[in-house]
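Asks: So here's my_file07.cif, just mmCIF, C-alpha atoms and all ligand atoms:
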```
data_my_file
loop_
_atom_site.label_atom_id
_atom_site.label_comp_id
_atom_site.auth_asym_id
_atom_site.auth_seq_id
_atom_site.Cartn_x
_atom_site.Cartn_y
_atom_site.Cartn_z
CA MET X 1 34.39 -44.92 -20.76
CA PHE X 2 33.88 -42.43 -17.95
CA ARG X 3 35.07 -44.83 -15.28
CA HIS X 4 38.59 -44.77 -16.59
CA THR X 5 38.94 -41.02 -16.86
CA PRO X 6 42.43 -40.20 -15.63
CA HIS X 7 42.45 -37.86 -12.66
CA PRO X 8 44.98 -35.08 -12.01
CA SER X 9 46.17 -36.96 -8.93
CA SER X 10 49.22 -34.72 -8.59
CA VAL X 11 46.95 -31.88 -7.44
CA THR X 12 47.53 -31.14 -3.75
CA ALA X 13 46.23 -28.50 -1.35
CA GLN X 14 49.51 -26.61 -1.94
CA ASN X 15 49.51 -26.49 -5.73
CA ALA X 16 45.75 -26.39 -6.53
CA ARG X 17 44.80 -23.39 -8.66
CA HIS X 18 41.43 -21.71 -8.91
CA VAL X 19 40.44 -19.42 -11.76
CA SER X 20 38.15 -16.71 -10.37
CA VAL X 21 34.82 -16.53 -12.17
CA LEU X 22 33.50 -13.26 -13.67
CA LEU X 23 36.43 -11.41 -12.10
CA ASN X 24 36.17 -8.12 -14.00
CA GLU X 25 32.40 -8.10 -13.68
CA VAL X 26 32.66 -8.53 -9.89
CA LEU X 27 35.21 -5.72 -9.64
CA ASP X 28 33.01 -3.43 -11.74
CA ALA X 29 30.02 -4.31 -9.56
CA LEU X 30 31.73 -3.69 -6.23
CA ALA X 31 33.82 -0.75 -7.46
CA PRO X 32 36.24 -1.04 -4.51
CA ARG X 33 37.80 2.20 -3.29
CA PRO X 34 40.57 3.11 -0.87
CA GLY X 35 39.21 3.22 2.67
CA GLY X 36 36.15 1.11 1.77
CA ARG X 37 35.16 -1.93 3.81
CA TYR X 38 34.40 -5.19 2.01
CA LEU X 39 33.15 -8.62 2.96
CA ASP X 40 34.11 -11.73 0.99
CA GLY X 41 32.02 -14.58 2.39
CA THR X 42 33.61 -17.24 0.18
CA LEU X 43 37.26 -16.35 0.11
CA GLY X 44 38.49 -19.56 -1.54
CA LEU X 45 41.99 -18.93 -2.83
CA ALA X 46 41.34 -15.16 -2.60
CA GLY X 47 41.28 -14.56 -6.36
CA HIS X 48 38.44 -12.04 -6.15
CA SER X 49 39.65 -10.55 -2.89
CA SER X 50 43.24 -9.99 -3.98
CA ALA X 51 42.02 -8.33 -7.20
CA LEU X 52 39.66 -6.19 -5.12
CA MET X 53 42.49 -5.07 -2.86
CA GLU X 54 44.66 -4.32 -5.87
CA ARG X 55 41.89 -2.28 -7.53
CA ALA X 56 41.66 -0.18 -4.34
CA GLY X 57 45.41 0.43 -4.39
CA GLY X 58 45.88 -1.88 -1.40
CA LYS X 59 44.05 0.64 0.78
CA ALA X 60 40.66 -1.04 1.23
CA PHE X 61 39.73 -3.14 4.26
CA LEU X 62 38.65 -6.72 3.81
CA CYS X 63 36.82 -9.16 6.03
CA GLY X 64 37.29 -12.57 4.42
CA LEU X 65 35.57 -15.80 5.42
CA ASP X 66 35.89 -19.42 4.45
CA ARG X 67 34.80 -22.58 6.20
CA ASP X 68 37.63 -24.53 4.55
CA PRO X 69 40.84 -24.38 6.63
CA GLN X 70 43.02 -25.31 3.63
CA ALA X 71 41.51 -22.52 1.51
CA LEU X 72 41.94 -20.02 4.32
CA GLU X 73 45.61 -20.88 4.63
CA ARG X 74 46.18 -20.34 0.92
CA ALA X 75 44.13 -17.11 0.98
CA ALA X 76 46.18 -15.79 3.91
CA GLU X 77 49.41 -16.29 1.93
CA ARG X 78 47.98 -14.48 -1.07
CA LEU X 79 46.65 -11.55 0.94
CA ALA X 80 49.74 -11.24 3.15
CA PRO X 81 51.04 -8.17 1.24
CA TYR X 82 48.03 -6.18 2.51
CA GLY X 83 48.83 -6.91 6.16
CA GLU X 84 46.26 -5.93 8.75
CA ASN X 85 43.93 -4.51 6.09
CA CYS X 86 42.76 -8.07 5.45
CA ARG X 87 41.25 -9.91 8.39
CA LEU X 88 40.37 -13.55 7.77
CA PHE X 89 38.04 -15.84 9.70
CA ALA X 90 37.37 -19.58 9.60
CA LEU X 91 33.61 -19.14 9.58
CA GLU X 92 30.50 -20.06 7.64
CA TYR X 93 29.23 -17.08 5.71
CA ALA X 94 25.76 -17.42 7.27
CA SER X 95 27.51 -16.28 10.47
CA PHE X 96 29.23 -13.29 8.83
CA ALA X 97 27.79 -10.91 11.44
CA ASP X 98 30.03 -12.53 14.09
CA ALA X 99 33.11 -11.53 12.07
CA LEU X 100 31.88 -7.97 11.48
CA ASP X 101 31.08 -7.64 15.20
CA ALA X 102 34.56 -8.92 16.10
CA LEU X 103 36.05 -6.21 13.87
CA GLY X 104 33.70 -3.55 15.21
CA TRP X 105 32.28 -2.91 11.73
CA ASP X 106 28.62 -1.83 11.67
CA SER X 107 28.42 -2.12 7.91
CA VAL X 108 30.35 -2.86 4.73
CA ASP X 109 30.52 -1.01 1.41
CA GLY X 110 30.40 -4.19 -0.62
CA ALA X 111 29.83 -7.90 -0.10
CA LEU X 112 30.57 -10.87 -2.32
CA LEU X 113 29.46 -14.48 -2.35
CA ASP X 114 30.96 -16.81 -4.96
CA ILE X 115 29.10 -19.90 -3.91
CA GLY X 116 30.18 -23.41 -4.56
CA VAL X 117 33.30 -25.50 -4.53
CA SER X 118 36.78 -24.33 -5.35
CA SER X 119 39.22 -26.17 -7.58
CA LEU X 120 41.17 -26.89 -4.40
CA GLN X 121 38.24 -28.92 -3.14
CA LEU X 122 37.38 -30.56 -6.47
CA ASP X 123 40.86 -31.47 -7.63
CA VAL X 124 42.38 -32.81 -4.42
CA THR X 125 41.13 -36.41 -4.48
CA GLU X 126 41.46 -36.90 -0.71
CA ARG X 127 38.77 -34.29 -0.04
CA GLY X 128 36.20 -36.78 -1.37
CA PHE X 129 34.35 -34.30 -3.65
CA SER X 130 35.52 -35.80 -6.92
CA LEU X 131 34.13 -38.89 -8.57
CA HIS X 132 37.42 -39.44 -10.34
CA GLY X 133 39.99 -41.31 -8.34
CA ASP X 134 39.05 -43.08 -5.10
CA ALA X 135 38.93 -41.48 -1.67
CA PRO X 136 36.89 -41.76 1.53
CA LEU X 137 33.39 -40.30 1.04
CA ASP X 138 33.66 -36.96 2.84
CA MET X 139 32.71 -33.72 1.00
CA ARG X 140 32.77 -31.55 4.13
CA MET X 141 34.07 -28.15 3.09
CA ASP X 142 35.16 -27.43 6.67
CA MET X 143 36.90 -30.85 6.99
CA GLY X 144 35.16 -31.19 10.35
CA SER X 145 36.90 -28.10 11.75
CA LEU X 146 33.72 -26.14 12.52
CA SER X 147 31.01 -27.13 14.97
CA SER X 148 28.30 -29.32 13.52
CA ALA X 149 26.03 -28.80 16.54
CA GLY X 150 22.41 -28.76 15.50
CA ARG X 151 23.03 -30.76 12.33
CA GLU X 152 21.17 -34.04 11.81
CA PRO X 153 23.59 -36.97 12.33
CA TRP X 154 22.91 -38.36 8.85
CA THR X 155 24.03 -35.11 7.16
CA GLN X 156 27.48 -35.02 8.80
CA SER X 157 29.41 -36.25 5.74
CA ALA X 158 28.85 -37.86 2.35
CA ARG X 159 29.43 -41.22 4.02
CA THR X 160 26.60 -40.71 6.52
CA VAL X 161 24.20 -39.43 3.85
CA VAL X 162 24.84 -42.40 1.60
CA ASN X 163 24.69 -44.99 4.36
CA MET X 164 22.00 -43.55 6.65
CA ALA X 165 19.38 -41.69 4.59
CA ASP X 166 16.32 -43.77 3.70
CA VAL X 167 15.48 -44.47 0.09
CA HIS X 168 12.84 -41.69 -0.14
CA THR X 169 15.23 -39.11 1.25
CA LEU X 170 18.01 -40.19 -1.10
CA ARG X 171 15.64 -40.00 -4.03
CA HIS X 172 14.45 -36.54 -2.99
CA ILE X 173 18.01 -35.25 -2.56
CA ILE X 174 19.18 -36.54 -5.94
CA GLU X 175 16.00 -35.30 -7.65
CA ALA X 176 15.85 -31.86 -6.02
CA TYR X 177 19.53 -30.89 -5.75
CA GLY X 178 20.99 -33.06 -8.51
CA GLU X 179 18.01 -32.61 -10.88
CA ASP X 180 18.71 -36.16 -12.06
CA PRO X 181 15.74 -37.92 -13.71
CA GLN X 182 17.31 -41.26 -12.74
CA ALA X 183 17.04 -40.42 -9.03
CA PRO X 184 14.64 -43.30 -8.16
CA ARG X 185 16.95 -45.92 -9.71
CA ILE X 186 20.04 -44.41 -8.13
CA ALA X 187 18.45 -44.24 -4.67
CA ARG X 188 17.38 -47.90 -4.90
CA ALA X 189 20.83 -48.96 -6.11
CA ILE X 190 22.53 -47.17 -3.20
CA VAL X 191 20.26 -48.84 -0.65
CA GLU X 192 20.73 -52.29 -2.23
CA ALA X 193 24.51 -51.89 -2.28
CA ARG X 194 24.81 -50.78 1.34
CA GLN X 195 22.77 -53.77 2.50
CA LYS X 196 25.79 -55.89 1.53
CA ALA X 197 28.44 -53.59 3.01
CA PRO X 198 28.71 -49.89 3.91
CA ILE X 199 29.64 -47.60 1.01
CA GLU X 200 32.95 -46.05 2.00
CA THR X 201 34.58 -44.42 -1.02
CA THR X 202 33.89 -42.05 -3.88
CA GLY X 203 34.89 -44.79 -6.32
CA GLN X 204 32.30 -47.19 -4.90
CA LEU X 205 29.55 -44.57 -5.09
CA ALA X 206 30.49 -43.59 -8.65
CA GLU X 207 30.41 -47.26 -9.66
CA ILE X 208 26.99 -47.84 -8.06
CA VAL X 209 25.49 -44.86 -9.88
CA TRP X 210 27.17 -45.90 -13.11
CA HIS X 211 25.44 -49.31 -12.96
CA ALA X 212 22.11 -47.76 -11.89
CA TYR X 213 21.98 -45.67 -15.05
CA PRO X 214 20.25 -47.35 -18.03
CA ALA X 215 22.87 -48.27 -20.67
CA LYS X 216 21.28 -45.96 -23.26
CA TRP X 217 21.46 -42.98 -20.89
CA ARG X 218 25.03 -43.83 -20.02
CA ALA X 219 25.99 -43.86 -23.67
CA GLU X 220 24.35 -40.49 -24.27
CA ALA X 221 25.46 -38.74 -21.06
CA ARG X 222 27.89 -35.85 -21.52
CA ASN X 223 29.28 -36.18 -17.99
CA HIS X 224 29.84 -39.16 -15.73
CA PRO X 225 26.38 -40.38 -14.61
CA ALA X 226 27.34 -39.80 -10.96
CA THR X 227 28.11 -36.09 -11.42
CA ARG X 228 24.67 -34.90 -10.34
CA THR X 229 24.45 -37.34 -7.44
CA PHE X 230 27.79 -36.11 -6.11
CA GLN X 231 26.63 -32.49 -6.40
CA ALA X 232 23.36 -33.25 -4.60
CA ILE X 233 25.08 -34.99 -1.70
CA ARG X 234 27.64 -32.19 -1.40
CA MET X 235 24.83 -29.62 -1.15
CA VAL X 236 23.21 -31.54 1.71
CA VAL X 237 26.45 -32.20 3.61
CA ASN X 238 27.33 -28.49 3.51
CA ASP X 239 23.76 -27.18 3.96
CA GLU X 240 24.43 -24.95 0.97
CA LEU X 241 20.89 -23.63 0.44
CA GLY X 242 20.38 -23.04 4.18
CA GLN X 243 23.63 -21.03 4.34
CA LEU X 244 22.49 -18.83 1.47
CA GLU X 245 19.02 -18.22 2.95
CA ARG X 246 20.45 -17.27 6.34
CA PHE X 247 23.03 -14.95 4.83
CA LEU X 248 20.34 -13.15 2.80
CA ASP X 249 18.15 -12.86 5.91
CA ALA X 250 20.89 -10.89 7.67
CA ILE X 251 22.97 -8.96 5.14
CA LEU X 252 20.85 -5.90 4.27
CA PRO X 253 21.10 -4.12 7.64
CA ARG X 254 24.91 -4.56 7.48
CA LEU X 255 25.28 -2.98 4.02
CA SER X 256 25.96 0.77 3.94
CA VAL X 257 23.78 3.05 1.83
CA GLY X 258 25.16 2.83 -1.72
CA GLY X 259 26.90 -0.43 -0.77
CA ARG X 260 26.59 -3.32 -3.16
CA LEU X 261 25.97 -7.03 -2.80
CA ALA X 262 27.19 -9.35 -5.57
CA VAL X 263 26.29 -13.04 -5.61
CA ILE X 264 27.62 -15.65 -8.03
CA THR X 265 25.68 -18.92 -8.11
CA PHE X 266 26.29 -22.16 -9.99
CA HIS X 267 23.03 -23.98 -9.35
CA SER X 268 19.49 -23.16 -10.51
CA LEU X 269 18.02 -23.50 -7.00
CA GLU X 270 20.59 -21.07 -5.58
CA ASP X 271 20.03 -18.62 -8.41
CA ARG X 272 16.26 -18.79 -7.84
CA ILE X 273 16.72 -17.96 -4.14
CA VAL X 274 18.90 -14.93 -4.98
CA LYS X 275 16.66 -13.75 -7.81
CA GLN X 276 13.49 -13.91 -5.69
CA ARG X 277 15.10 -12.19 -2.72
CA PHE X 278 16.56 -9.41 -4.88
CA ARG X 279 13.19 -8.90 -6.57
CA GLN X 280 11.43 -8.66 -3.22
CA TRP X 281 14.00 -6.22 -1.83
CA SER X 282 13.81 -4.00 -4.91
CA THR X 283 10.00 -3.81 -5.10
CA ASP X 284 7.95 -1.08 -3.44
CA CYS X 285 4.69 -2.89 -2.87
CA LEU X 286 4.38 -6.63 -2.29
CA CYS X 287 0.56 -6.73 -2.18
CA PRO X 288 -1.25 -9.24 -4.40
CA PRO X 289 -2.04 -7.56 -7.75
CA HIS X 290 -5.84 -7.78 -7.25
CA LEU X 291 -5.80 -5.35 -4.30
CA PRO X 292 -6.89 -1.84 -5.39
CA ARG X 293 -4.33 -0.11 -3.16
CA CYS X 294 -1.24 -0.97 -1.18
CA VAL X 295 -1.82 -2.30 2.32
CA CYS X 296 1.62 -3.85 2.91
CA GLY X 297 3.55 -0.59 3.24
CA HIS X 298 6.69 -2.22 1.85
CA HIS X 299 9.32 0.03 0.26
CA ALA X 300 12.23 -0.96 -1.90
CA GLU X 301 15.48 -1.23 0.04
CA VAL X 302 17.77 -1.79 -2.91
CA THR X 303 18.14 -1.00 -6.58
CA LEU X 304 18.48 -4.06 -8.78
CA LEU X 305 21.58 -3.50 -10.91
CA THR X 306 21.21 -6.72 -12.91
CA LYS X 307 17.73 -7.13 -14.40
CA LYS X 308 19.14 -10.28 -16.03
CA PRO X 309 22.05 -12.21 -14.49
CA ILE X 310 25.54 -11.57 -15.85
CA VAL X 311 27.03 -14.79 -17.28
CA PRO X 312 30.55 -15.58 -18.50
CA GLY X 313 31.35 -14.74 -22.09
CA ARG X 314 32.83 -17.14 -24.61
CA ASP X 315 36.40 -16.00 -23.95
CA GLU X 316 36.10 -16.77 -20.25
CA LEU X 317 34.56 -20.17 -20.92
CA VAL X 318 37.46 -21.16 -23.16
CA ILE X 319 39.88 -20.48 -20.30
CA ASN X 320 37.61 -21.79 -17.55
CA PRO X 321 34.91 -24.29 -18.60
CA ARG X 322 33.92 -24.69 -14.91
CA ALA X 323 32.37 -21.21 -15.12
CA GLY X 324 29.70 -22.63 -17.46
CA SER X 325 26.75 -22.37 -15.08
CA ALA X 326 27.82 -19.19 -13.23
CA LYS X 327 25.32 -16.34 -12.79
CA LEU X 328 26.09 -13.01 -11.16
CA ARG X 329 23.37 -10.80 -9.66
CA VAL X 330 24.00 -7.43 -8.00
CA VAL X 331 21.98 -4.99 -5.87
CA GLU X 332 22.78 -1.58 -4.38
CA LYS X 333 21.40 -0.44 -1.06
CA LEU X 334 19.06 2.56 -1.08
CA PRO X 335 18.80 5.22 1.64
CA PRO X 336 16.05 4.43 4.19
CA PHE X 337 12.55 5.34 3.00
CA GLU X 338 11.25 8.54 4.54
CA LYS X 339 7.52 9.07 4.76
CA GLU X 340 6.36 12.27 3.09
CA LEU X 341 4.80 14.64 5.61
CA SER X 342 1.25 15.58 4.59
C1 LIG X 401 34.12 -20.93 -5.64
S1 LIG X 401 35.18 -20.86 -4.26
C2 LIG X 401 35.58 -19.16 -4.12
C3 LIG X 401 36.71 -18.74 -4.98
C4 LIG X 401 37.18 -17.33 -4.75
N1 LIG X 401 36.15 -16.36 -5.04
C5 LIG X 401 38.43 -17.03 -5.58
O1 LIG X 401 38.34 -16.21 -6.50
O2 LIG X 401 39.47 -17.61 -5.29
C6 LIG X 401 34.06 -21.05 -2.97
C7 LIG X 401 34.68 -21.06 -1.60
O3 LIG X 401 33.63 -20.79 -0.69
C8 LIG X 401 33.76 -21.61 0.42
N2 LIG X 401 32.40 -21.77 0.96
C9 LIG X 401 31.35 -22.37 0.37
N3 LIG X 401 30.28 -22.29 1.16
C10 LIG X 401 30.68 -21.61 2.27
C11 LIG X 401 30.01 -21.20 3.44
N4 LIG X 401 28.73 -21.47 3.66
N5 LIG X 401 30.71 -20.48 4.36
C12 LIG X 401 32.01 -20.18 4.15
N6 LIG X 401 32.70 -20.56 3.07
C13 LIG X 401 32.04 -21.27 2.14
C14 LIG X 401 34.36 -22.88 -0.09
O4 LIG X 401 35.05 -23.54 0.96
C15 LIG X 401 35.29 -22.38 -1.18
O5 LIG X 401 36.59 -22.19 -0.69
#
```
Translate the structure of the given file into structure tokens.

Replies:
Amino acid sequence: MFRHTPHPSSVTAQNARHVSVLLNEVLDALAPRPGGRYLDGTLGLAGHSSALMERAGGKAFLCGLDRDPQALERAAERLAPYGENCRLFALEYASFADALDALGWDSVDGALLDIGVSSLQLDVTERGFSLHGDAPLDMRMDMGSLSSAGREPWTQSARTVVNMADVHTLRHIIEAYGEDPQAPRIARAIVEARQKAPIETTGQLAEIVWHAYPAKWRAEARNHPATRTFQAIRMVVNDELGQLERFLDAILPRLSVGGRLAVITFHSLEDRIVKQRFRQWSTDCLCPPHLPRCVCGHHAEVTLLTKKPIVPGRDELVINPRAGSAKLRVVEKLPPFEKELS
């Protein structure tokens, strides 16, 4: 029975551990060097960043961001040996340019996004990300510490999504971001339940989804039936796709020539966004194929270093099953295109 799965309730913000995904592959991709400047937009517990600093003999410069104040605190402890070489900011990565401007950096030699939740967020019950245990429905990565100006009121936390979104919106969210075929039943069950009393906790939500699932599906499901619903709500609360789009809109001009961008995704929609953007950036002409000659004048700005995404090997998955859906894609910035003089 999924509902009785014991939860590692002894995990706290102080002792949570996070195993960095595709660590060697990221280091090979970014090839950090002494004196180089690097941006880590999703610092987490600084697993990738501390390895990057170590690979550069402690002599690289790092700009590290995280929207989660608990993660940032842990990252600061881990990066303390590198002193002023590592500058950390409580910031959403879509706003990375603010951090680079504050440091006076025009560009970086490498940038990393390792998108998603950290074990710190998943394993600490009180954060409200986990469907095991029972905690207030929250799921805000920033724990409310960053401004939510401009956000719709119903997207402020998991509690507001579950209690305020109409049935069509809930269904869309669970279908699109959770890719759950039972989305219509789940959305209806949530709305019926909240008509009796507001849904306040992760345990209540997990229970509602559990009962919404047909018994046959429940019996055959590999994970708790609420897993995808929780993921979908988390993505909305943290505007995860919007963050990625805005980061990609802005990063190329801030990458030095020869600099590399590495992105690890855990969700098919995120991977599709990265794949399409990298393909567009690395293609010379974007005209429709039926046109006899190029009229768009577009020139590739990057070289695609990963024609296919890099995924974790079997050895890594044995140690870290959470890496199961990870995909790494990498590009390298080209020099600006110069028109040939005729
Ligand atoms: C998978 S963890 C990163 C783990 C890290 N690479 C390591 O090796 O320890 C993802 C981290 O990114 C942060 N994060 C996710 N989306 C973010 C965003 N839009 N802006 C800033 N930080 C974000 C989360 O708070 C979390 O700490």

Asks: Leaving out segment 303-320 of chain X and any residue of its chain fewer than 4 positions from it, which residues lie within 7 Å of it when counting all atoms listed in the file, given as a PyMOL selection string?

Replies: chain X and resi 19+22+278+282+324+326-334

Asks: By how many Å are atom CA of Thr155 of chain X and atom CA of Arg218 of chain X apart?

Replies: 28.6 Å

Asks: How close does each residue of chain X get to ligand LIG 401 (chain X), giving the shortest atom pair and distance in Å to one decimal for every residue with an atom at most 8 Å away, counting only C-alpha atoms and all ligand atoms, sorted by chain and residue number, as CSV?

Replies:
```
residue,atom,partner,partner_atom,distance
X:His18,CA,X:LIG401,O2,5.8
X:Val19,CA,X:LIG401,O1,6.5
X:Ser20,CA,X:LIG401,O1,3.9
X:Val21,CA,X:LIG401,O1,6.7
X:Leu23,CA,X:LIG401,O1,7.6
X:Asp40,CA,X:LIG401,N1,7.9
X:Gly41,CA,X:LIG401,C12,5.9
X:Thr42,CA,X:LIG401,O3,3.7
X:Leu43,CA,X:LIG401,C4,5.0
X:Gly44,CA,X:LIG401,O5,3.4
X:Leu45,CA,X:LIG401,O2,3.8
X:Ala46,CA,X:LIG401,O2,4.1
X:Gly47,CA,X:LIG401,O1,3.4
X:His48,CA,X:LIG401,O1,4.2
X:Ser49,CA,X:LIG401,O1,6.8
X:Leu65,CA,X:LIG401,C12,5.8
X:Asp66,CA,X:LIG401,N6,3.7
X:Arg67,CA,X:LIG401,C12,4.2
X:Asp68,CA,X:LIG401,O4,4.5
X:Ala71,CA,X:LIG401,O5,5.4
X:Leu72,CA,X:LIG401,O5,7.6
X:Ala75,CA,X:LIG401,O2,7.8
X:Ala90,CA,X:LIG401,C12,7.7
X:Leu91,CA,X:LIG401,C12,5.8
X:Glu92,CA,X:LIG401,N5,3.3
X:Tyr93,CA,X:LIG401,N5,3.9
X:Ala94,CA,X:LIG401,N4,6.2
X:Leu113,CA,X:LIG401,N1,7.5
X:Asp114,CA,X:LIG401,N1,5.2
X:Ile115,CA,X:LIG401,C6,5.2
X:Gly116,CA,X:LIG401,C1,4.8
X:Val117,CA,X:LIG401,C1,4.8
X:Ser118,CA,X:LIG401,S1,4.0
X:Ser119,CA,X:LIG401,S1,7.5
X:Leu120,CA,X:LIG401,O5,7.5
X:Gln121,CA,X:LIG401,O5,7.3
X:Met141,CA,X:LIG401,O4,5.2
X:Asp142,CA,X:LIG401,O4,6.9
X:Asn238,CA,X:LIG401,N4,7.2
X:Asp239,CA,X:LIG401,N4,7.6
X:Glu240,CA,X:LIG401,N4,6.2
X:Gln243,CA,X:LIG401,N4,5.2
X:Leu244,CA,X:LIG401,N4,7.1
```

Asks: Select, counting all atoms listed in the file, all protein, DNA and RNA residues no farther than 6 Å from (40.8, -8.9, 5.0) in file coordinates, and express the selection as an NGL selection string.

Replies: :X and (61-64 or 85-88)

Asks: Please identify all polymer residues within 12 Å of Val302 of chain X, counting only C-alpha atoms, omitting same-chain residues fewer than 5 positions from it, and present them as a JSON list (two decimals) with C-alpha atoms, in the coordinates of the input.

Replies:
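As a result, out.json now contains:
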```
[["chain", "number", "residue", "atom", "x", "y", "z"],
["X", 251, "ILE", "CA", 22.97, -8.96, 5.14],
["X", 252, "LEU", "CA", 20.85, -5.90, 4.27],
["X", 253, "PRO", "CA", 21.10, -4.12, 7.64],
["X", 255, "LEU", "CA", 25.28, -2.98, 4.02],
["X", 256, "SER", "CA", 25.96, 0.77, 3.94],
["X", 257, "VAL", "CA", 23.78, 3.05, 1.83],
["X", 258, "GLY", "CA", 25.16, 2.83, -1.72],
["X", 259, "GLY", "CA", 26.90, -0.43, -0.77],
["X", 260, "ARG", "CA", 26.59, -3.32, -3.16],
["X", 261, "LEU", "CA", 25.97, -7.03, -2.80],
["X", 277, "ARG", "CA", 15.10, -12.19, -2.72],
["X", 278, "PHE", "CA", 16.56, -9.41, -4.88],
["X", 279, "ARG", "CA", 13.19, -8.90, -6.57],
["X", 280, "GLN", "CA", 11.43, -8.66, -3.22],
["X", 281, "TRP", "CA", 14.00, -6.22, -1.83],
["X", 282, "SER", "CA", 13.81, -4.00, -4.91],
["X", 283, "THR", "CA", 10.00, -3.81, -5.10],
["X", 284, "ASP", "CA", 7.95, -1.08, -3.44],
["X", 330, "VAL", "CA", 24.00, -7.43, -8.00],
["X", 331, "VAL", "CA", 21.98, -4.99, -5.87],
["X", 332, "GLU", "CA", 22.78, -1.58, -4.38],
["X", 333, "LYS", "CA", 21.40, -0.44, -1.06],
["X", 334, "LEU", "CA", 19.06, 2.56, -1.08],
["X", 335, "PRO", "CA", 18.80, 5.22, 1.64],
["X", 336, "PRO", "CA", 16.05, 4.43, 4.19],
["X", 337, "PHE", "CA", 12.55, 5.34, 3.00]]
```

Asks: For Gly178 of chain X, which residue among X:Thr227, X:Leu137, X:Ala212, X:Ala219 is the nearest when counting all atoms listed in the file?

Replies: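 Residue with the minimum atom-to-atom distance to Gly178 of chain X: X:Thr227.
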
Asks: Near Leu170 of chain X, within 10 Å and counting all atoms listed in the file, which residues show up once chain neighbours fewer than 2 positions away are dropped, as a PyMOL selection string?

Replies: chain X and resi 161-168+172-176+183-184+186-188+190-191+229+232-233

Asks: Those same residues, written as a PDB file, keeping the file's coordinate frame with C-alpha atoms?

Replies:
```
ATOM      1  CA  VAL X 161      24.200 -39.430   3.850  1.00  0.00           C
ATOM      2  CA  VAL X 162      24.840 -42.400   1.600  1.00  0.00           C
ATOM      3  CA  ASN X 163      24.690 -44.990   4.360  1.00  0.00           C
ATOM      4  CA  MET X 164      22.000 -43.550   6.650  1.00  0.00           C
ATOM      5  CA  ALA X 165      19.380 -41.690   4.590  1.00  0.00           C
ATOM      6  CA  ASP X 166      16.320 -43.770   3.700  1.00  0.00           C
ATOM      7  CA  VAL X 167      15.480 -44.470   0.090  1.00  0.00           C
ATOM      8  CA  HIS X 168      12.840 -41.690  -0.140  1.00  0.00           C
ATOM      9  CA  HIS X 172      14.450 -36.540  -2.990  1.00  0.00           C
ATOM     10  CA  ILE X 173      18.010 -35.250  -2.560  1.00  0.00           C
ATOM     11  CA  ILE X 174      19.180 -36.540  -5.940  1.00  0.00           C
ATOM     12  CA  GLU X 175      16.000 -35.300  -7.650  1.00  0.00           C
ATOM     13  CA  ALA X 176      15.850 -31.860  -6.020  1.00  0.00           C
ATOM     14  CA  ALA X 183      17.040 -40.420  -9.030  1.00  0.00           C
ATOM     15  CA  PRO X 184      14.640 -43.300  -8.160  1.00  0.00           C
ATOM     16  CA  ILE X 186      20.040 -44.410  -8.130  1.00  0.00           C
ATOM     17  CA  ALA X 187      18.450 -44.240  -4.670  1.00  0.00           C
ATOM     18  CA  ARG X 188      17.380 -47.900  -4.900  1.00  0.00           C
ATOM     19  CA  ILE X 190      22.530 -47.170  -3.200  1.00  0.00           C
ATOM     20  CA  VAL X 191      20.260 -48.840  -0.650  1.00  0.00           C
ATOM     21  CA  THR X 229      24.450 -37.340  -7.440  1.00  0.00           C
ATOM     22  CA  ALA X 232      23.360 -33.250  -4.600  1.00  0.00           C
ATOM     23  CA  ILE X 233      25.080 -34.990  -1.700  1.00  0.00           C
TER      24      ILE X 233
END
```

Asks: Nearest to Gly104 of chain X among X:Thr160, X:Ala76, X:His299, X:Arg37, with distances taken over all atoms listed in the file: which residue is it?

Replies: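 Between X:Thr160, X:Ala76, X:His299, X:Arg37, the residue approaching Gly104 of chain X most closely is X:Arg37.
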
Asks: Residues within 12 Å of (35.6, -34.0, 8.9), file coordinates, counting all atoms listed in the file: what are they? Give the list as a list in words.

Replies: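 Final list of nearby residues, as requested, is Arg67, Asp68, Pro69, Glu126, Arg127, Gly128, Pro136, Leu137, Asp138, Met139, Arg140, Met141, Asp142, Met143, Gly144, Ser145, Leu146, Ser147, Ser148, Thr155, Gln156, Ser157, Ala158, Arg159, Thr160, Val237 and Asn238 of chain X.
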
Asks: What is the atom CA of Thr265 of chain X-atom CA of Tyr38 of chain X distance in Å, reported with one decimal?

Replies: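 Going from atom CA of Thr265 of chain X over to atom CA of Tyr38 of chain X covers 19.2 Å.
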
Asks: Between X:Ala221, X:Leu291, X:Leu205, X:Ile273, single out the one closest to Ser130 of chain X, counting only C-alpha atoms.

Replies: X:Leu205

Asks: Because some atoms of segment 310-314 of chain X are absent here, can you restore N, CA and C atoms and send them as a CSV table (one decimal), keeping the file's coordinate frame?

Replies:
```csv
chain,number,residue,atom,x,y,z
X,310,ILE,N,24.3,-11.6,-15.0
X,310,ILE,CA,25.5,-11.6,-15.8
X,310,ILE,C,26.1,-13.0,-15.9
X,311,VAL,N,26.4,-13.4,-17.1
X,311,VAL,CA,27.0,-14.8,-17.3
X,311,VAL,C,28.4,-14.7,-18.0
X,312,PRO,N,29.2,-15.7,-17.8
X,312,PRO,CA,30.6,-15.6,-18.5
X,312,PRO,C,30.4,-15.6,-20.0
X,313,GLY,N,31.3,-14.8,-20.6
X,313,GLY,CA,31.4,-14.7,-22.1
X,313,GLY,C,32.1,-15.9,-22.6
X,314,ARG,N,32.2,-16.0,-24.0
X,314,ARG,CA,32.8,-17.1,-24.6
X,314,ARG,C,34.3,-17.2,-24.3
```
